[in-house]
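Coordinates from input-v3.txt are shown below (compact mmCIF, C-alpha atoms).
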# COMPACT_ATOMS: atom_id res chain seq x y z
CA MET A 1 0.00 0.00 0.00
CA SER A 2 1.36 3.41 -0.90
CA ILE A 3 0.32 6.68 0.67
CA GLN A 4 -0.36 9.48 -1.77
CA VAL A 5 1.34 12.72 -0.82
CA GLN A 6 0.14 16.12 -2.00
CA GLU A 7 2.58 18.30 -3.89
CA PRO A 8 2.19 21.73 -2.31
CA TYR A 9 4.33 23.59 -4.86
CA GLY A 10 2.58 22.05 -7.84
CA LEU A 11 -0.80 22.72 -6.26
CA ALA A 12 -0.06 26.39 -5.55
CA ARG A 13 0.90 26.81 -9.17
CA ARG A 14 -2.29 25.11 -10.35
CA LEU A 15 -4.40 27.37 -8.14
CA ARG A 16 -2.97 30.59 -9.57
CA LEU A 17 -6.37 31.19 -11.10
CA ILE A 18 -9.65 29.40 -10.38
CA ALA A 19 -12.35 30.38 -12.86
CA ILE A 20 -15.66 29.91 -11.06
CA THR A 21 -18.75 29.32 -13.18
CA ASP A 22 -21.91 31.43 -13.14
CA SER A 23 -24.50 30.74 -15.80
CA GLY A 24 -26.10 34.16 -15.33
CA LEU A 25 -22.82 36.04 -15.87
CA ALA A 26 -21.87 33.79 -18.77
CA ALA A 27 -25.18 34.42 -20.58
CA PRO A 28 -26.00 34.61 -23.40
CA ARG A 29 -22.96 32.35 -23.81
CA ARG A 30 -23.08 28.85 -22.32
CA VAL A 31 -20.91 28.19 -19.26
CA VAL A 32 -19.16 25.46 -21.25
CA ASP A 33 -18.16 27.93 -23.96
CA VAL A 34 -16.73 30.46 -21.51
CA VAL A 35 -14.85 27.69 -19.70
CA GLU A 36 -13.42 26.46 -22.99
CA ALA A 37 -12.19 29.97 -23.79
CA ALA A 38 -10.65 30.25 -20.34
CA LEU A 39 -8.92 26.88 -20.68
CA ARG A 40 -7.54 27.77 -24.12
CA ALA A 41 -6.00 30.85 -22.52
CA GLY A 42 -4.33 28.66 -19.89
CA ALA A 43 -6.69 28.78 -16.88
CA PRO A 44 -5.21 26.18 -14.55
CA ALA A 45 -8.38 25.50 -12.53
CA VAL A 46 -12.17 25.69 -12.87
CA GLN A 47 -14.83 25.46 -10.18
CA LEU A 48 -18.45 24.61 -10.92
CA ARG A 49 -20.66 26.79 -8.77
CA ASP A 50 -24.44 26.76 -9.17
CA LYS A 51 -26.84 27.42 -6.33
CA VAL A 52 -29.96 26.95 -8.48
CA LEU A 53 -29.91 23.70 -10.43
CA PRO A 54 -30.51 20.42 -8.56
CA PRO A 55 -27.72 17.80 -8.52
CA ARG A 56 -29.38 15.64 -11.17
CA ASP A 57 -29.31 18.53 -13.63
CA LEU A 58 -25.83 19.66 -12.59
CA LEU A 59 -24.18 16.27 -13.01
CA PRO A 60 -24.07 16.31 -16.85
CA LEU A 61 -22.55 19.81 -16.79
CA ALA A 62 -20.09 18.76 -14.09
CA ARG A 63 -19.00 15.75 -16.15
CA ARG A 64 -18.60 17.89 -19.26
CA LEU A 65 -16.47 20.45 -17.41
CA CYS A 66 -14.48 17.62 -15.85
CA ALA A 67 -13.67 16.23 -19.30
CA LEU A 68 -12.73 19.67 -20.66
CA THR A 69 -10.47 20.56 -17.73
CA GLY A 70 -8.90 17.11 -17.76
CA ALA A 71 -8.09 17.41 -21.47
CA ALA A 72 -6.55 20.85 -20.81
CA GLY A 73 -4.49 19.61 -17.86
CA ALA A 74 -6.45 21.89 -15.55
CA LEU A 75 -7.97 21.07 -12.16
CA PHE A 76 -11.71 20.77 -11.75
CA PHE A 77 -13.52 21.55 -8.50
CA VAL A 78 -17.19 21.45 -7.53
CA ASN A 79 -18.53 23.95 -5.04
CA ASP A 80 -20.36 22.78 -1.90
CA ARG A 81 -21.37 19.23 -2.87
CA LEU A 82 -18.88 16.47 -2.23
CA ASP A 83 -21.20 13.80 -3.64
CA LEU A 84 -21.62 15.71 -6.90
CA ALA A 85 -17.86 16.25 -7.08
CA LEU A 86 -17.17 12.54 -6.61
CA ALA A 87 -19.90 11.53 -9.06
CA ALA A 88 -18.48 13.86 -11.72
CA GLY A 89 -14.93 12.62 -11.20
CA ALA A 90 -13.74 16.07 -10.10
CA ASP A 91 -10.27 16.66 -8.69
CA GLY A 92 -11.71 18.32 -5.61
CA VAL A 93 -14.47 20.13 -3.78
CA HIS A 94 -14.67 23.59 -2.28
CA LEU A 95 -16.50 23.66 1.05
CA GLY A 96 -17.99 26.75 2.65
CA PRO A 97 -19.16 27.38 6.20
CA ASP A 98 -22.57 25.69 5.64
CA ASP A 99 -21.18 22.61 3.93
CA LEU A 100 -19.84 19.37 5.36
CA PRO A 101 -16.90 19.96 7.69
CA VAL A 102 -13.48 19.28 6.13
CA ALA A 103 -12.73 16.37 8.46
CA ALA A 104 -16.00 14.64 7.51
CA ALA A 105 -15.36 15.22 3.81
CA ARG A 106 -11.78 13.96 4.14
CA ARG A 107 -12.99 10.66 5.57
CA ILE A 108 -15.32 10.08 2.61
CA ALA A 109 -13.05 11.31 -0.17
CA PRO A 110 -10.53 9.02 -1.87
CA PRO A 111 -6.78 9.58 -1.40
CA GLY A 112 -5.48 12.55 -3.37
CA PHE A 113 -8.90 14.21 -3.64
CA LEU A 114 -8.47 17.94 -3.06
CA ILE A 115 -10.51 19.75 -0.44
CA GLY A 116 -10.63 23.53 -0.24
CA HIS A 117 -12.27 25.46 2.53
CA SER A 118 -13.30 29.06 3.02
CA ALA A 119 -11.61 30.94 5.86
CA ASP A 120 -11.51 34.69 6.36
CA ASP A 121 -9.20 34.80 9.37
CA PRO A 122 -6.04 33.00 10.54
CA ASP A 123 -7.77 30.90 13.23
CA ALA A 124 -10.37 29.55 10.80
CA ALA A 125 -7.64 28.87 8.24
CA ARG A 126 -5.47 26.96 10.73
CA ALA A 127 -8.49 24.92 11.86
CA ALA A 128 -9.39 24.03 8.26
CA VAL A 129 -5.82 22.95 7.49
CA ALA A 130 -5.63 20.92 10.71
CA ALA A 131 -8.86 19.20 9.61
CA GLY A 132 -7.28 18.31 6.28
CA ALA A 133 -7.89 21.18 3.85
CA ASP A 134 -5.51 21.24 0.88
CA TYR A 135 -6.04 24.92 0.20
CA ILE A 136 -7.86 27.90 1.68
CA GLY A 137 -10.18 30.28 -0.11
CA SER A 138 -10.04 33.61 1.70
CA GLY A 139 -12.28 36.60 1.28
CA ALA A 140 -14.19 38.48 0.22
CA VAL A 141 -10.92 40.39 -0.22
CA PHE A 142 -12.65 43.29 -1.97
CA PRO A 143 -16.33 44.30 -2.01
CA THR A 144 -18.28 42.02 -4.36
CA SER A 145 -21.79 41.81 -5.68
CA THR A 146 -21.51 38.21 -6.90
CA LYS A 147 -22.00 36.55 -3.52
CA ALA A 148 -24.83 38.10 -1.52
CA ASP A 149 -23.74 36.52 1.80
CA ALA A 150 -20.03 37.24 1.48
CA GLY A 151 -19.97 39.72 4.38
CA ALA A 152 -17.69 42.73 4.70
CA ALA A 153 -14.49 42.76 2.65
CA ILE A 154 -11.42 41.58 4.61
CA GLY A 155 -8.84 43.51 2.55
CA VAL A 156 -5.38 42.47 1.36
CA ARG A 157 -3.80 42.96 4.80
CA ARG A 158 -5.96 40.26 6.40
CA LEU A 159 -5.49 38.11 3.30
CA GLY A 160 -1.75 38.31 3.92
CA GLU A 161 -2.20 37.28 7.56
CA VAL A 162 -4.16 34.23 6.47
CA ALA A 163 -1.59 33.37 3.80
CA ARG A 164 1.30 33.58 6.29
CA CYS A 165 -0.36 31.44 8.97
CA VAL A 166 -0.83 28.24 6.96
CA ASP A 167 1.49 26.17 4.78
CA VAL A 168 -1.12 25.38 2.12
CA PRO A 169 -1.98 27.64 -0.81
CA VAL A 170 -4.34 30.51 0.00
CA VAL A 171 -6.54 31.67 -2.84
CA ALA A 172 -8.04 35.16 -2.76
CA ILE A 173 -11.73 35.43 -3.57
CA GLY A 174 -14.20 38.28 -3.73
CA GLY A 175 -13.99 41.28 -6.01
CA VAL A 176 -10.62 40.25 -7.47
CA THR A 177 -9.95 41.72 -10.92
CA VAL A 178 -7.04 41.76 -13.33
CA ARG A 179 -6.40 45.29 -12.06
CA ASN A 180 -6.14 44.48 -8.34
CA ALA A 181 -4.74 40.95 -8.74
CA PRO A 182 -1.09 42.16 -8.34
CA ARG A 183 -1.95 43.41 -4.84
CA VAL A 184 -3.44 40.03 -4.00
CA PHE A 185 -0.35 38.14 -5.13
CA ALA A 186 1.92 40.66 -3.39
CA ALA A 187 0.02 39.97 -0.15
CA GLY A 188 1.03 36.32 -0.39
CA ALA A 189 -1.93 34.67 -2.07
CA ALA A 190 -1.07 31.70 -4.28
CA GLY A 191 -3.91 32.55 -6.61
CA CYS A 192 -7.21 34.23 -7.34
CA ALA A 193 -10.65 32.66 -7.51
CA VAL A 194 -12.90 34.78 -9.67
CA VAL A 195 -16.47 34.64 -10.85
CA SER A 196 -17.40 37.78 -12.76
CA ALA A 197 -13.85 38.69 -13.84
CA VAL A 198 -13.80 35.65 -16.16
CA MET A 199 -17.43 34.47 -16.54
CA GLY A 200 -18.67 38.01 -17.14
CA ALA A 201 -15.73 39.15 -19.26
CA PRO A 202 -16.43 40.12 -22.89
CA ASP A 203 -13.15 38.29 -23.70
CA PRO A 204 -12.63 35.57 -21.06
CA GLY A 205 -9.31 34.46 -22.58
CA ARG A 206 -7.88 37.96 -22.30
CA ALA A 207 -8.98 38.14 -18.65
CA VAL A 208 -7.32 34.79 -17.93
CA ARG A 209 -4.05 35.92 -19.51
CA GLY A 210 -4.19 39.08 -17.41
CA PHE A 211 -4.50 37.08 -14.20
CA LEU A 212 -1.74 34.68 -15.22
CA ARG A 213 0.62 37.59 -15.95
CA ALA A 214 -0.15 39.07 -12.53
CA GLY A 215 0.53 35.69 -10.92
CA ALA A 216 3.76 35.11 -12.85
CA ALA A 217 5.12 38.40 -11.51
CA ARG A 218 4.58 37.36 -7.87
CA PRO A 219 7.51 36.34 -5.66
CA THR A 220 8.10 32.57 -5.83
CA PRO A 221 6.97 30.87 -2.60
CA MET B 1 -11.66 -9.91 -0.85
CA SER B 2 -15.28 -10.81 -0.24
CA ILE B 3 -18.24 -9.40 -2.09
CA GLN B 4 -21.08 -8.21 0.10
CA VAL B 5 -24.45 -9.49 -1.01
CA GLN B 6 -27.74 -7.83 -0.10
CA GLU B 7 -30.32 -9.91 1.71
CA PRO B 8 -33.59 -9.02 0.00
CA TYR B 9 -35.84 -10.81 2.49
CA GLY B 10 -34.11 -9.29 5.50
CA LEU B 11 -34.23 -5.87 3.87
CA ALA B 12 -37.98 -6.06 3.12
CA ARG B 13 -38.57 -6.89 6.76
CA ARG B 14 -36.42 -3.98 7.92
CA LEU B 15 -38.30 -1.58 5.66
CA ARG B 16 -41.72 -2.49 7.05
CA LEU B 17 -41.81 0.99 8.54
CA ILE B 18 -39.53 3.94 7.81
CA ALA B 19 -40.11 6.80 10.24
CA ILE B 20 -39.13 9.98 8.41
CA THR B 21 -38.11 12.96 10.51
CA ASP B 22 -39.71 16.40 10.41
CA SER B 23 -38.66 18.90 13.05
CA GLY B 24 -41.80 20.99 12.53
CA LEU B 25 -44.16 18.07 13.07
CA ALA B 26 -42.10 16.80 16.02
CA ALA B 27 -42.24 20.19 17.79
CA PRO B 28 -42.33 21.08 20.59
CA ARG B 29 -40.58 17.72 21.05
CA ARG B 30 -37.09 17.29 19.62
CA VAL B 31 -36.72 15.00 16.58
CA VAL B 32 -34.31 12.88 18.62
CA ASP B 33 -36.94 12.31 21.33
CA VAL B 34 -39.63 11.25 18.85
CA VAL B 35 -37.16 8.94 17.10
CA GLU B 36 -36.19 7.39 20.43
CA ALA B 37 -39.85 6.71 21.21
CA ALA B 38 -40.33 5.19 17.75
CA LEU B 39 -37.26 2.98 18.16
CA ARG B 40 -38.40 1.81 21.59
CA ALA B 41 -41.65 0.71 19.98
CA GLY B 42 -39.71 -1.28 17.39
CA ALA B 43 -39.45 1.01 14.36
CA PRO B 44 -37.07 -0.89 12.06
CA ALA B 45 -35.88 2.13 10.02
CA VAL B 46 -35.49 5.90 10.32
CA GLN B 47 -34.84 8.46 7.59
CA LEU B 48 -33.45 11.92 8.31
CA ARG B 49 -35.27 14.42 6.12
CA ASP B 50 -34.67 18.14 6.50
CA LYS B 51 -34.92 20.58 3.62
CA VAL B 52 -34.01 23.62 5.74
CA LEU B 53 -30.82 23.11 7.73
CA PRO B 54 -27.48 23.18 5.89
CA PRO B 55 -25.31 20.03 5.91
CA ARG B 56 -22.95 21.39 8.56
CA ASP B 57 -25.84 21.77 11.00
CA LEU B 58 -27.48 18.49 9.98
CA LEU B 59 -24.37 16.35 10.45
CA PRO B 60 -24.46 16.30 14.28
CA LEU B 61 -28.16 15.32 14.20
CA ALA B 62 -27.46 12.69 11.55
CA ARG B 63 -24.68 11.19 13.65
CA ARG B 64 -26.89 11.14 16.74
CA LEU B 65 -29.72 9.40 14.87
CA CYS B 66 -27.21 7.00 13.37
CA ALA B 67 -26.01 6.03 16.85
CA LEU B 68 -29.56 5.64 18.18
CA THR B 69 -30.76 3.51 15.27
CA GLY B 70 -27.59 1.42 15.36
CA ALA B 71 -28.05 0.72 19.07
CA ALA B 72 -31.66 -0.28 18.38
CA GLY B 73 -30.72 -2.54 15.47
CA ALA B 74 -32.66 -0.29 13.10
CA LEU B 75 -31.58 1.03 9.71
CA PHE B 76 -30.70 4.69 9.25
CA PHE B 77 -31.16 6.55 5.99
CA VAL B 78 -30.49 10.14 4.98
CA ASN B 79 -32.74 11.82 2.45
CA ASP B 80 -31.27 13.42 -0.71
CA ARG B 81 -27.62 13.90 0.30
CA LEU B 82 -25.26 11.01 -0.28
CA ASP B 83 -22.29 12.90 1.15
CA LEU B 84 -24.14 13.65 4.37
CA ALA B 85 -25.26 10.01 4.59
CA LEU B 86 -21.69 8.77 4.16
CA ALA B 87 -20.30 11.34 6.60
CA ALA B 88 -22.84 10.33 9.23
CA GLY B 89 -22.14 6.62 8.77
CA ALA B 90 -25.72 5.95 7.65
CA ASP B 91 -26.83 2.59 6.26
CA GLY B 92 -28.21 4.24 3.16
CA VAL B 93 -29.56 7.21 1.28
CA HIS B 94 -32.93 7.92 -0.27
CA LEU B 95 -32.69 9.70 -3.61
CA GLY B 96 -35.51 11.63 -5.26
CA PRO B 97 -35.92 12.84 -8.84
CA ASP B 98 -33.75 15.95 -8.29
CA ASP B 99 -30.92 14.13 -6.53
CA LEU B 100 -27.92 12.31 -7.92
CA PRO B 101 -28.92 9.44 -10.22
CA VAL B 102 -28.79 5.99 -8.61
CA ALA B 103 -26.00 4.78 -10.90
CA ALA B 104 -23.81 7.75 -9.96
CA ALA B 105 -24.50 7.26 -6.26
CA ARG B 106 -23.80 3.53 -6.53
CA ARG B 107 -20.34 4.21 -7.94
CA ILE B 108 -19.44 6.44 -5.00
CA ALA B 109 -21.04 4.43 -2.21
CA PRO B 110 -19.16 1.63 -0.45
CA PRO B 111 -20.29 -2.00 -0.89
CA GLY B 112 -23.44 -2.81 1.06
CA PHE B 113 -24.56 0.81 1.27
CA LEU B 114 -28.32 0.93 0.65
CA ILE B 115 -29.77 3.20 -2.03
CA GLY B 116 -33.47 3.90 -2.26
CA HIS B 117 -35.11 5.77 -5.08
CA SER B 118 -38.52 7.32 -5.62
CA ALA B 119 -40.61 5.89 -8.47
CA ASP B 120 -44.31 6.36 -9.01
CA ASP B 121 -44.75 4.06 -11.99
CA PRO B 122 -43.44 0.65 -13.12
CA ASP B 123 -41.06 2.01 -15.78
CA ALA B 124 -39.36 4.39 -13.37
CA ALA B 125 -39.12 1.63 -10.77
CA ARG B 126 -37.55 -0.83 -13.22
CA ALA B 127 -35.06 1.82 -14.34
CA ALA B 128 -34.08 2.63 -10.76
CA VAL B 129 -33.56 -1.05 -9.93
CA ALA B 130 -31.55 -1.58 -13.11
CA ALA B 131 -29.35 1.35 -12.04
CA GLY B 132 -28.74 -0.29 -8.68
CA ALA B 133 -31.52 0.78 -6.30
CA ASP B 134 -31.98 -1.52 -3.30
CA TYR B 135 -35.54 -0.43 -2.68
CA ILE B 136 -38.20 1.79 -4.21
CA GLY B 137 -40.22 4.48 -2.46
CA SER B 138 -43.51 4.81 -4.32
CA GLY B 139 -46.13 7.49 -3.97
CA ALA B 140 -47.72 9.66 -2.96
CA VAL B 141 -50.12 6.74 -2.49
CA PHE B 142 -52.74 8.92 -0.80
CA PRO B 143 -53.18 12.70 -0.81
CA THR B 144 -50.66 14.31 1.55
CA SER B 145 -49.92 17.77 2.83
CA THR B 146 -46.41 16.94 4.11
CA LYS B 147 -44.68 17.15 0.75
CA ALA B 148 -45.76 20.14 -1.32
CA ASP B 149 -44.33 18.79 -4.59
CA ALA B 150 -45.62 15.23 -4.24
CA GLY B 151 -48.03 15.53 -7.18
CA ALA B 152 -51.36 13.71 -7.50
CA ALA B 153 -51.90 10.57 -5.44
CA ILE B 154 -51.15 7.34 -7.34
CA GLY B 155 -53.48 5.11 -5.28
CA VAL B 156 -52.99 1.54 -4.04
CA ARG B 157 -53.68 0.02 -7.45
CA ARG B 158 -50.66 1.72 -9.05
CA LEU B 159 -48.64 0.97 -5.93
CA GLY B 160 -49.41 -2.70 -6.49
CA GLU B 161 -48.28 -2.46 -10.13
CA VAL B 162 -44.98 -0.98 -9.02
CA ALA B 163 -44.55 -3.62 -6.32
CA ARG B 164 -45.17 -6.46 -8.78
CA CYS B 165 -42.77 -5.20 -11.45
CA VAL B 166 -39.55 -5.18 -9.41
CA ASP B 167 -37.87 -7.75 -7.19
CA VAL B 168 -36.72 -5.26 -4.54
CA PRO B 169 -38.87 -4.02 -1.65
CA VAL B 170 -41.33 -1.28 -2.52
CA VAL B 171 -42.17 1.12 0.28
CA ALA B 172 -45.40 3.12 0.15
CA ILE B 173 -45.11 6.83 0.91
CA GLY B 174 -47.55 9.71 1.00
CA GLY B 175 -50.59 9.97 3.24
CA VAL B 176 -50.09 6.51 4.76
CA THR B 177 -51.68 6.12 8.19
CA VAL B 178 -52.19 3.28 10.65
CA ARG B 179 -55.76 3.16 9.34
CA ASN B 180 -54.98 2.74 5.62
CA ALA B 181 -51.70 0.80 6.09
CA PRO B 182 -53.44 -2.60 5.71
CA ARG B 183 -54.51 -1.61 2.17
CA VAL B 184 -50.92 -0.67 1.38
CA PHE B 185 -49.54 -3.99 2.56
CA ALA B 186 -52.36 -5.86 0.82
CA ALA B 187 -51.36 -4.14 -2.43
CA GLY B 188 -47.90 -5.69 -2.15
CA ALA B 189 -45.83 -2.99 -0.48
CA ALA B 190 -43.05 -4.26 1.77
CA GLY B 191 -43.49 -1.31 4.07
CA CYS B 192 -44.65 2.24 4.73
CA ALA B 193 -42.57 5.40 4.89
CA VAL B 194 -44.37 7.97 7.00
CA VAL B 195 -43.70 11.50 8.13
CA SER B 196 -46.67 12.92 10.01
CA ALA B 197 -48.12 9.56 11.10
CA VAL B 198 -45.15 9.08 13.46
CA MET B 199 -43.44 12.48 13.82
CA GLY B 200 -46.74 14.26 14.37
CA ALA B 201 -48.34 11.56 16.51
CA PRO B 202 -49.22 12.44 20.11
CA ASP B 203 -47.94 8.94 20.99
CA PRO B 204 -45.30 7.97 18.38
CA GLY B 205 -44.72 4.55 19.97
CA ARG B 206 -48.39 3.66 19.66
CA ALA B 207 -48.37 4.71 15.99
CA VAL B 208 -45.29 2.57 15.33
CA ARG B 209 -46.92 -0.47 16.94
CA GLY B 210 -50.01 0.12 14.78
CA PHE B 211 -47.94 0.07 11.59
CA LEU B 212 -46.01 -3.00 12.68
CA ARG B 213 -49.25 -4.86 13.39
CA ALA B 214 -50.56 -3.95 9.94
CA GLY B 215 -47.29 -5.15 8.39
CA ALA B 216 -47.25 -8.40 10.36
CA ALA B 217 -50.68 -9.26 9.00
CA ARG B 218 -49.57 -8.94 5.38
CA PRO B 219 -48.98 -12.00 3.19
CA THR B 220 -45.33 -13.14 3.42
CA PRO B 221 -43.42 -12.30 0.22
As structure tokens:
Amino acid sequence: MSIQVQEPYGLARRLRLIAITDSGLAAPRRVVDVVEAALRAGAPAVQLRDKVLPPRDLLPLARRLCALTGAAGALFFVNDRLDLALAAGADGVHLGPDDLPVAAARRIAPPGFLIGHSADDPDAARAAVAAGADYIGSGAVFPTSTKADAGAAIGVRRLGEVARCVDVPVVAIGGVTVRNAPRVFAAGAAGCAVVSAVMGAPDPGRAVRGFLRAGAARPTP
Amino acid sequence: MSIQVQEPYGLARRLRLIAITDSGLAAPRRVVDVVEAALRAGAPAVQLRDKVLPPRDLLPLARRLCALTGAAGALFFVNDRLDLALAAGADGVHLGPDDLPVAAARRIAPPGFLIGHSADDPDAARAAVAAGADYIGSGAVFPTSTKADAGAAIGVRRLGEVARCVDVPVVAIGGVTVRNAPRVFAAGAAGCAVVSAVMGAPDPGRAVRGFLRAGAARPTP
């Protein structure tokens, strides 16, 4: 029996940009089309996020996105639902404060399955990592209209505190744009997770390249 | 490596009555207290059903019910969410039309994990069994106010058609009471799944004993 070990450096690199889906922001384009454009531009990770459709309707989309990301060498995550993530063959799941606790998800998930967790302060981040989180999503860093329940923005200073207190990649989420992404990377984030900045972009590929340039300029961890 | 085989006869017997939780109907009593009373009276199965609380808040309740049912030798199911069911250590999950498809759930679930699926006609029941369902929940058999989206009642005649077309236990759901339970068993159902008839009963133990008597009188499969 061999124990699978995560590769923290490789993972940080692959989380430089997580393009999160939103069918409303993608419209009139299909989510699949925007994701394909993002992947062609080099997006290293995609997260399926949909608070409306039931799991039975989401599964075909999840499987399609899983195939597209896999073919592009990108990671594929599902938001909230571990069972949907496993059924789709995703690389991982992103869990928020209402979802299954990380420790419970870790016990169900197969070895090597990636689990991200939201944490907007150092204590919450340390607890999530102790429970088995592979990466932390921290925010909202800037004010955002995409997520109604995101709470007050934490700012890049707090983001930096979170990034320094754990040894897993910390991904900045909430109001991150190509314009402010350099500040996020400078604060110590391994990457950005964005919804509107890619899904709502007139040219998603251009947005992706902008984020990747910002990330390439960051100090190597 | 040994392959776990289901025991269809044992399962039918253990599905004679599924007491489904409802915190509103249980109030002012706690769900746990009503379930304990039902288990003391011999309820062979309990299903956690809650469309309001998020998974993080449901998990402690699910684990508590899992421990109580296990100690009583009863089966424990979780409605809708396979990941919550697995995290709680439940014996199975009940999947509805909006949930993950049975085949997808079967691939994730460990051997021996029970999967139930809703089906209100023979074709849907056959498809669910072909996909790997261990039992079928069929209804609403009678008009019910518990489930707003239950649709028109299918009646005991259709219930009988469903029961005859598959070789797994068929459990009648929707408006089933101690009073009409004999008709349900006579139609060929292996058991009844009830919400208000136990959770809303002034004396849940008495209701459970009533259902078990009705089930004991049915023709042996």
Within 8 Å of chain B: each chain A residue with its shortest pair, all atoms listed in the file, as JSON lines:
{"residue": "A:Pro54", "atom": "CA", "partner": "B:Asp98", "partner_atom": "CA", "distance": 5.5}
{"residue": "A:Pro55", "atom": "CA", "partner": "B:Asp99", "partner_atom": "CA", "distance": 5.3}
{"residue": "A:Arg56", "atom": "CA", "partner": "B:Leu100", "partner_atom": "CA", "distance": 4.9}
{"residue": "A:Asp57", "atom": "CA", "partner": "B:Asp98", "partner_atom": "CA", "distance": 7.4}
{"residue": "A:Leu59", "atom": "CA", "partner": "B:Leu100", "partner_atom": "CA", "distance": 7.5}
{"residue": "A:Arg81", "atom": "CA", "partner": "B:Asp83", "partner_atom": "CA", "distance": 7.6}
{"residue": "A:Leu82", "atom": "CA", "partner": "B:Asp83", "partner_atom": "CA", "distance": 6.0}
{"residue": "A:Asp83", "atom": "CA", "partner": "B:Asp83", "partner_atom": "CA", "distance": 5.0}
{"residue": "A:Leu84", "atom": "CA", "partner": "B:Leu100", "partner_atom": "CA", "distance": 7.2}
{"residue": "A:Leu86", "atom": "CA", "partner": "B:Ile108", "partner_atom": "CA", "distance": 6.7}
{"residue": "A:Ala87", "atom": "CA", "partner": "B:Ala104", "partner_atom": "CA", "distance": 5.5}
{"residue": "A:Pro97", "atom": "CA", "partner": "B:Arg56", "partner_atom": "CA", "distance": 7.5}
{"residue": "A:Asp98", "atom": "CA", "partner": "B:Arg56", "partner_atom": "CA", "distance": 5.2}
{"residue": "A:Asp99", "atom": "CA", "partner": "B:Arg56", "partner_atom": "CA", "distance": 5.1}
{"residue": "A:Leu100", "atom": "CA", "partner": "B:Arg56", "partner_atom": "CA", "distance": 4.9}
{"residue": "A:Pro101", "atom": "CA", "partner": "B:Arg56", "partner_atom": "CA", "distance": 6.3}
{"residue": "A:Ala104", "atom": "CA", "partner": "B:Ala87", "partner_atom": "CA", "distance": 5.5}
{"residue": "A:Ala105", "atom": "CA", "partner": "B:Ala87", "partner_atom": "CA", "distance": 6.9}
{"residue": "A:Arg107", "atom": "CA", "partner": "B:Ala87", "partner_atom": "CA", "distance": 7.4}
{"residue": "A:Ile108", "atom": "CA", "partner": "B:Ala87", "partner_atom": "CA", "distance": 6.5}
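Near Arg158 in chain B, within 10 Å and counting all atoms listed in the file, sit Asp120, Asp121, Pro122, Ser138, Gly139, Val141, Ala153, Ile154, Val162, Ala163, Arg164 and Ala187 of chain B; same-chain residues fewer than 4 positions away were not included.
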For the residues in that selection, give me C-alpha atoms as a compact mmCIF listing (two decimals), in the coordinates of the input.
# COMPACT_ATOMS: atom_id res chain seq x y z
CA ASP B 120 -44.31 6.36 -9.01
CA ASP B 121 -44.75 4.06 -11.99
CA PRO B 122 -43.44 0.65 -13.12
CA SER B 138 -43.51 4.81 -4.32
CA GLY B 139 -46.13 7.49 -3.97
CA VAL B 141 -50.12 6.74 -2.49
CA ALA B 153 -51.90 10.57 -5.44
CA ILE B 154 -51.15 7.34 -7.34
CA VAL B 162 -44.98 -0.98 -9.02
CA ALA B 163 -44.55 -3.62 -6.32
CA ARG B 164 -45.17 -6.46 -8.78
CA ALA B 187 -51.36 -4.14 -2.43
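Taking CA of Ala172 in chain B as the reference point, CA of Ala74 in chain B is found at 18.5 Å.
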**Study point:** Nearby residues (only C-alpha atoms) at most 8 Å from Thr69 in chain A, same-chain spacing under 4 positions excluded, as number ranges by chain
**Key:** A: 39, 45-46, 65, 73-76
**Study point:** Exercise: Val208 in chain A partners within 10 Å, all atoms listed in the file, chain neighbours under 6 positions left out, as a PyMOL selection string
**Key:** chain A and resi 17-19+37-44+178+194+197-198+201+214
Could the residues in this selection be saved with C-alpha atoms as an mmCIF file, in the coordinates of the input?
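What ended up in result.cif:
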data_model
loop_
_atom_site.group_PDB
_atom_site.id
_atom_site.type_symbol
_atom_site.label_atom_id
_atom_site.label_comp_id
_atom_site.auth_asym_id
_atom_site.auth_seq_id
_atom_site.Cartn_x
_atom_site.Cartn_y
_atom_site.Cartn_z
ATOM 1 C CA LEU A 17 -6.370 31.190 -11.100
ATOM 2 C CA ILE A 18 -9.650 29.400 -10.380
ATOM 3 C CA ALA A 19 -12.350 30.380 -12.860
ATOM 4 C CA ALA A 37 -12.190 29.970 -23.790
ATOM 5 C CA ALA A 38 -10.650 30.250 -20.340
ATOM 6 C CA LEU A 39 -8.920 26.880 -20.680
ATOM 7 C CA ARG A 40 -7.540 27.770 -24.120
ATOM 8 C CA ALA A 41 -6.000 30.850 -22.520
ATOM 9 C CA GLY A 42 -4.330 28.660 -19.890
ATOM 10 C CA ALA A 43 -6.690 28.780 -16.880
ATOM 11 C CA PRO A 44 -5.210 26.180 -14.550
ATOM 12 C CA VAL A 178 -7.040 41.760 -13.330
ATOM 13 C CA VAL A 194 -12.900 34.780 -9.670
ATOM 14 C CA ALA A 197 -13.850 38.690 -13.840
ATOM 15 C CA VAL A 198 -13.800 35.650 -16.160
ATOM 16 C CA ALA A 201 -15.730 39.150 -19.260
ATOM 17 C CA ALA A 214 -0.150 39.070 -12.530
#
Exercise for review: Considering only C-alpha atoms, return as a ChimeraX atom specification whatever protein or nucleic-acid residues lie within 6 Å of range 21-29 of chain A, sequence-local ones (same chain, fewer than 2 positions apart) excluded.
Suggested key: /A:31,48-49,199-200
Practice item. Would you list the contacts of Gly210 in chain B as a PyMOL selection string, taking every protein, DNA or RNA residue within 9 Å and counting all atoms listed in the file, but skipping same-chain residues closer than 5 positions in sequence? Key: chain B and resi 178-179+181+205+215
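For the atom pair formed by CA of Gly160 in chain B and CA of Ala189 in chain B, the distance is 7.0 Å, given to one decimal.
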Output, as lines of an AutoDock Vina configuration file, the centre and edge lengths in Å (one decimal) of the axis-aligned box that contains all listed atoms of range 97-114 of chain A with 3 Å of margin on each side.
center_x = -14.0
center_y = 18.2
center_z = 2.4
size_x = 23.1
size_y = 24.4
size_z = 18.1
